[in-house]
Every structure is written in C-alpha cells, then in structure tokens.
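Remarks on the structure that follows.
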Amino acid sequence: GGPAPGGHRAPPRSAPRSGGGAMLYADKRALETNLKVSLLQIREKELNFYTRNCLAVGTQAALLAGFAYAGLTQVAVPKEKPYAVKLLYLLFTSAAMGCELIAVLNTTLLSMLGPGLALRGPDGSMHKAVDEMMEEYRLTFLFFGLGLLAFHISALLFAWLEFIWPVALAMSVALLLFIYGMYYYFVRIYARFKVPPSLMITGRFDTDRAVHETSITAADLRRANAAHGRNQTVSQRVSEYLFPVAYIHRVLRAEHGPSPGTIGAHTRGPATSPR
C-alpha cells in the first residue's frame, strides 16, 4: 500500500462500470440487425420473382432462336423467286434469331449476376439488384417480343418462297390473324394485370415518405388503370414500361396528387430523418 518507487503515487483504480449501457447498445444493435434481415427477406421475394421470370423467358427465347437458326441453315431458298422476297426472308429470320439470342444472353446474365450482387455486394446492394433487374427484365422481354414478331413475319415470307400464291395467300392471312391475336391478347392481359405507378408497392422501405395503403378491388384497379392510361402520352407509356423505377420516382416526386379516379395513391408525409 506504500508509494510507488520514485515518490509517485499509483493512480486510483476506477470503480467497475455497470453493464447496463453495454446491454442496451447490444439490444439496439440486435434489433437493428433483425429489422434489416426482415426487410431483406421481403425484398428477396421480388428478387426471386424476377429471377424466375428471366429463366422462363430465356427458355422460350432459346427455343425460338433454334427455330430461326433452322430457317437460315435448313431452308433451300429458290433462286427463281424475287430478290426482294429472299432478302426480306433472310433479314427477318436473322432478326428473329438475333433478338431471341439477346434475350437469352440477357436473361442468363440477369439470373446469375443479379442474385450475385444482392448476395455479395455491400450494404444496399439488394435494392440496386432488384431495381436494375426490374428494368433490364422489361427490356429483355421487349427483345423477346420483337423476335417473336420477326419470327412470324419470317414464316409469312417463307410461304411466298416455297408455295404457290393461293397457298401463300391463305398462310399469310392466317399468320396476320395470329399476329393480331398475339397483340390483342398481350394488350388485354397486360392492361388487366398492370399496376399504375400510384398503386405500385415494392419491397423497398422509404423512411422519408409516409405511405398510406388501402385495399382495392379488381374493379378499382381497372378504373385506376383506365384513368392513368388516358392521361399518358406515348413517350410516357414507353418510359413507364422500359424504365419503371425511374418513372415511379418521377411520379412520386411530382407536386400534384393522383389523377381523379385513382385509389390508394401514395401521399407525401412529413420528412423524417432516421435517428
């Protein structure tokens, strides 16, 4: 208990701290981690949704690309046919194969790299992966649709290359009806299940905006889609389809409210900064 050598006193020992502060800190960190995991699990559902869609589109695109390749390599083009018909046939068949192969490549990369970014990327990569997959998937589906259209036109031109004109005319009418049917049912089904931006809900949580959601019926959704479509220009429709994330952000940042007839719109709340 005496003084330390050299005449200096040893510093007094500090009293042991209470573990309450450390426990509170640990509880808060555990709560924050559990909340983040729960939010990521919700966002993961969207990631799996787009991954499955990419695999489905890639399978069908590969099938159509194989058919188009057979049309290029297995069909003997008659030399006596008009040059314009032969040129158009080869162009549309090549376009069909090219568009479908782009769709196959895009869906393969999306199904591999999208989940990889969400799994191994830094904090916030899950949101970036889902948002980018949403836009790239729609662009890929556009290539798939263009390839499907070019494939039907190629079949129509094949009829004029290989058959006499009455048979070719009958096949052309049938194929044109099929093209119109595909367009009609695509627009009909897309309009039936389309969700306008004011009603779209994603797995992302925005702490700076209060979101009030109400339950809606199928009739409400159809009326909201009709009202939303009437107020859109062609460029807005293309932008909404190809770049839905950017389009939704522009809609939510707009100062005006939803158009009349729109139900369950997102409304702005007081901005709150996370503590």
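We label chains A, B, ... in the order they appear in the structure tokens, count residues from 1 in each chain, and number ligands from 1 in the order shown.
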Based on DSSP run over this structure's backbone, return all residues of segment 66-110 of chain A in alpha helix (DSSP H), as a count of residues only. 36
Nearby residues (only C-alpha atoms) at most 12 Å from segment 123-129 of chain A, same-chain spacing under 3 positions excluded, as JSON, numbers by chain: {"A": [36, 37, 39, 40, 41, 42, 43, 44, 45, 46, 47, 48, 50, 51, 110, 111, 112, 113, 114, 115, 116, 117, 118, 119, 120, 132, 133, 134, 135, 136, 137, 202, 203, 204, 205, 206, 245]}
Quick one: of A:Phe143, A:Tyr83, A:Phe49, A:Tyr69, who's nearest to Glu100 of chain A, counting only C-alpha atoms? A:Phe143
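Between atom CA of Leu175 of chain A and atom CA of Ala191 of chain A the separation is 24.1 Å.
What separates atom CA of Phe178 of chain A from atom CA of Leu149 of chain A is a distance of 10.2 Å.
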Go ahead and compute the interatomic distance for atom CA of Gly181 of chain A and atom CA of Trp160 of chain A, in Å to one decimal.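 Separation of atom CA of Gly181 of chain A and atom CA of Trp160 of chain A: 21.7 Å.
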Would you list the contacts of Leu161 of chain A as a CSV table (one decimal) with C-alpha atoms, in the first residue's frame, taking every protein, DNA or RNA residue within 10 Å and counting only C-alpha atoms, but skipping same-chain residues closer than 6 positions in sequence?
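Output file result_20.csv is given in full below:
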chain,number,residue,atom,x,y,z
A,76,ALA,CA,-33.1,-24.0,-99.5
A,77,VAL,CA,-34.1,-20.7,-100.9
A,78,PRO,CA,-35.3,-21.0,-104.5
A,79,LYS,CA,-33.2,-19.0,-106.9
A,80,GLU,CA,-36.1,-18.1,-109.2
A,81,LYS,CA,-38.0,-16.2,-106.5
A,82,PRO,CA,-37.9,-12.4,-106.5
A,85,VAL,CA,-38.7,-11.6,-101.1
A,86,LYS,CA,-35.5,-13.6,-100.5
A,89,TYR,CA,-36.9,-13.5,-95.6
A,155,ALA,CA,-42.8,-17.6,-91.6
A,168,ALA,CA,-49.1,-18.5,-99.7
Which neighbours of segment 101-107 of chain A fall inside 8 Å, counting only C-alpha atoms, when residues of the same chain fewer than 6 positions from it are skipped, and could you give them as a PyMOL selection string? chain A and resi 54-55+57-59+61-62+65+136-137+140-141+143-144
Can you write out the residues you just picked, keeping all heavy atoms, as an mmCIF file, in the first residue's frame?
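Result went into part_2.cif, see below:
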data_model
loop_
_atom_site.group_PDB
_atom_site.id
_atom_site.type_symbol
_atom_site.label_atom_id
_atom_site.label_comp_id
_atom_site.auth_asym_id
_atom_site.auth_seq_id
_atom_site.Cartn_x
_atom_site.Cartn_y
_atom_site.Cartn_z
ATOM 1 N N CYS A 54 -36.975 -14.359 -65.570
ATOM 2 C CA CYS A 54 -35.863 -14.365 -66.521
ATOM 3 C C CYS A 54 -35.595 -15.776 -67.040
ATOM 4 O O CYS A 54 -35.366 -15.980 -68.240
ATOM 5 C CB CYS A 54 -34.605 -13.794 -65.864
ATOM 6 S SG CYS A 54 -34.618 -12.003 -65.656
ATOM 7 N N LEU A 55 -35.627 -16.754 -66.159
ATOM 8 C CA LEU A 55 -35.398 -18.131 -66.587
ATOM 9 C C LEU A 55 -36.493 -18.608 -67.531
ATOM 10 O O LEU A 55 -36.228 -19.312 -68.517
ATOM 11 C CB LEU A 55 -35.314 -19.044 -65.358
ATOM 12 C CG LEU A 55 -34.110 -18.813 -64.431
ATOM 13 C CD1 LEU A 55 -34.205 -19.703 -63.203
ATOM 14 C CD2 LEU A 55 -32.806 -19.062 -65.177
ATOM 15 N N VAL A 57 -38.438 -16.692 -69.551
ATOM 16 C CA VAL A 57 -38.299 -16.012 -70.841
ATOM 17 C C VAL A 57 -37.085 -16.555 -71.594
ATOM 18 O O VAL A 57 -37.139 -16.760 -72.817
ATOM 19 C CB VAL A 57 -38.182 -14.491 -70.630
ATOM 20 C CG1 VAL A 57 -37.829 -13.780 -71.933
ATOM 21 C CG2 VAL A 57 -39.485 -13.937 -70.082
ATOM 22 N N GLY A 58 -35.990 -16.814 -70.893
ATOM 23 C CA GLY A 58 -34.790 -17.338 -71.551
ATOM 24 C C GLY A 58 -35.021 -18.692 -72.197
ATOM 25 O O GLY A 58 -34.513 -18.961 -73.292
ATOM 26 N N THR A 59 -35.813 -19.544 -71.547
ATOM 27 C CA THR A 59 -36.098 -20.863 -72.119
ATOM 28 C C THR A 59 -36.879 -20.739 -73.421
ATOM 29 O O THR A 59 -36.546 -21.383 -74.435
ATOM 30 C CB THR A 59 -36.889 -21.709 -71.109
ATOM 31 O OG1 THR A 59 -36.132 -21.848 -69.906
ATOM 32 C CG2 THR A 59 -37.179 -23.087 -71.670
ATOM 33 N N ALA A 61 -37.090 -18.088 -75.364
ATOM 34 C CA ALA A 61 -36.282 -17.380 -76.355
ATOM 35 C C ALA A 61 -35.276 -18.322 -77.013
ATOM 36 O O ALA A 61 -35.023 -18.233 -78.226
ATOM 37 C CB ALA A 61 -35.559 -16.206 -75.705
ATOM 38 N N ALA A 62 -34.695 -19.218 -76.231
ATOM 39 C CA ALA A 62 -33.757 -20.179 -76.808
ATOM 40 C C ALA A 62 -34.456 -21.099 -77.809
ATOM 41 O O ALA A 62 -33.896 -21.445 -78.858
ATOM 42 C CB ALA A 62 -33.119 -21.005 -75.689
ATOM 43 N N ALA A 65 -35.027 -19.075 -80.961
ATOM 44 C CA ALA A 65 -33.749 -18.848 -81.647
ATOM 45 C C ALA A 65 -33.331 -20.099 -82.414
ATOM 46 O O ALA A 65 -32.786 -20.008 -83.527
ATOM 47 C CB ALA A 65 -32.673 -18.455 -80.634
ATOM 48 N N GLU A 136 -34.040 -4.154 -66.568
ATOM 49 C CA GLU A 136 -33.401 -4.981 -67.586
ATOM 50 C C GLU A 136 -34.319 -6.118 -68.023
ATOM 51 O O GLU A 136 -34.303 -6.522 -69.189
ATOM 52 C CB GLU A 136 -32.078 -5.546 -67.053
ATOM 53 C CG GLU A 136 -30.998 -4.503 -66.834
ATOM 54 C CD GLU A 136 -30.567 -3.844 -68.133
ATOM 55 O OE1 GLU A 136 -30.704 -4.465 -69.208
ATOM 56 O OE2 GLU A 136 -30.096 -2.691 -68.081
ATOM 57 N N TYR A 137 -35.124 -6.632 -67.096
ATOM 58 C CA TYR A 137 -36.050 -7.701 -67.462
ATOM 59 C C TYR A 137 -37.083 -7.207 -68.465
ATOM 60 O O TYR A 137 -37.418 -7.904 -69.433
ATOM 61 C CB TYR A 137 -36.741 -8.234 -66.204
ATOM 62 C CG TYR A 137 -38.000 -9.018 -66.484
ATOM 63 C CD1 TYR A 137 -37.926 -10.304 -66.992
ATOM 64 C CD2 TYR A 137 -39.255 -8.461 -66.250
ATOM 65 C CE1 TYR A 137 -39.077 -11.020 -67.266
ATOM 66 C CE2 TYR A 137 -40.403 -9.170 -66.530
ATOM 67 C CZ TYR A 137 -40.316 -10.449 -67.033
ATOM 68 O OH TYR A 137 -41.454 -11.153 -67.310
ATOM 69 N N THR A 140 -35.449 -6.859 -71.791
ATOM 70 C CA THR A 140 -35.248 -8.196 -72.350
ATOM 71 C C THR A 140 -36.546 -8.753 -72.907
ATOM 72 O O THR A 140 -36.565 -9.376 -73.983
ATOM 73 C CB THR A 140 -34.693 -9.129 -71.266
ATOM 74 O OG1 THR A 140 -33.443 -8.607 -70.792
ATOM 75 C CG2 THR A 140 -34.481 -10.532 -71.799
ATOM 76 N N PHE A 141 -37.648 -8.543 -72.198
ATOM 77 C CA PHE A 141 -38.938 -9.015 -72.696
ATOM 78 C C PHE A 141 -39.322 -8.303 -73.989
ATOM 79 O O PHE A 141 -39.976 -8.892 -74.858
ATOM 80 C CB PHE A 141 -40.018 -8.802 -71.638
ATOM 81 C CG PHE A 141 -41.311 -9.488 -71.948
ATOM 82 C CD1 PHE A 141 -41.476 -10.837 -71.692
ATOM 83 C CD2 PHE A 141 -42.363 -8.785 -72.507
ATOM 84 C CE1 PHE A 141 -42.665 -11.479 -71.992
ATOM 85 C CE2 PHE A 141 -43.556 -9.411 -72.811
ATOM 86 C CZ PHE A 141 -43.711 -10.767 -72.551
ATOM 87 N N PHE A 143 -37.158 -7.389 -76.316
ATOM 88 C CA PHE A 143 -36.412 -8.106 -77.351
ATOM 89 C C PHE A 143 -37.083 -9.442 -77.669
ATOM 90 O O PHE A 143 -37.134 -9.860 -78.833
ATOM 91 C CB PHE A 143 -34.964 -8.333 -76.909
ATOM 92 C CG PHE A 143 -34.066 -7.167 -77.166
ATOM 93 C CD1 PHE A 143 -33.606 -6.378 -76.123
ATOM 94 C CD2 PHE A 143 -33.666 -6.847 -78.449
ATOM 95 C CE1 PHE A 143 -32.783 -5.300 -76.348
ATOM 96 C CE2 PHE A 143 -32.830 -5.764 -78.694
ATOM 97 C CZ PHE A 143 -32.390 -4.992 -77.639
ATOM 98 N N PHE A 144 -37.582 -10.112 -76.655
ATOM 99 C CA PHE A 144 -38.285 -11.374 -76.879
ATOM 100 C C PHE A 144 -39.518 -11.154 -77.760
ATOM 101 O O PHE A 144 -39.779 -11.916 -78.693
ATOM 102 C CB PHE A 144 -38.687 -11.980 -75.539
ATOM 103 C CG PHE A 144 -39.549 -13.206 -75.653
ATOM 104 C CD1 PHE A 144 -39.001 -14.428 -75.980
ATOM 105 C CD2 PHE A 144 -40.913 -13.125 -75.438
ATOM 106 C CE1 PHE A 144 -39.799 -15.560 -76.106
ATOM 107 C CE2 PHE A 144 -41.726 -14.239 -75.546
ATOM 108 C CZ PHE A 144 -41.164 -15.465 -75.890
#
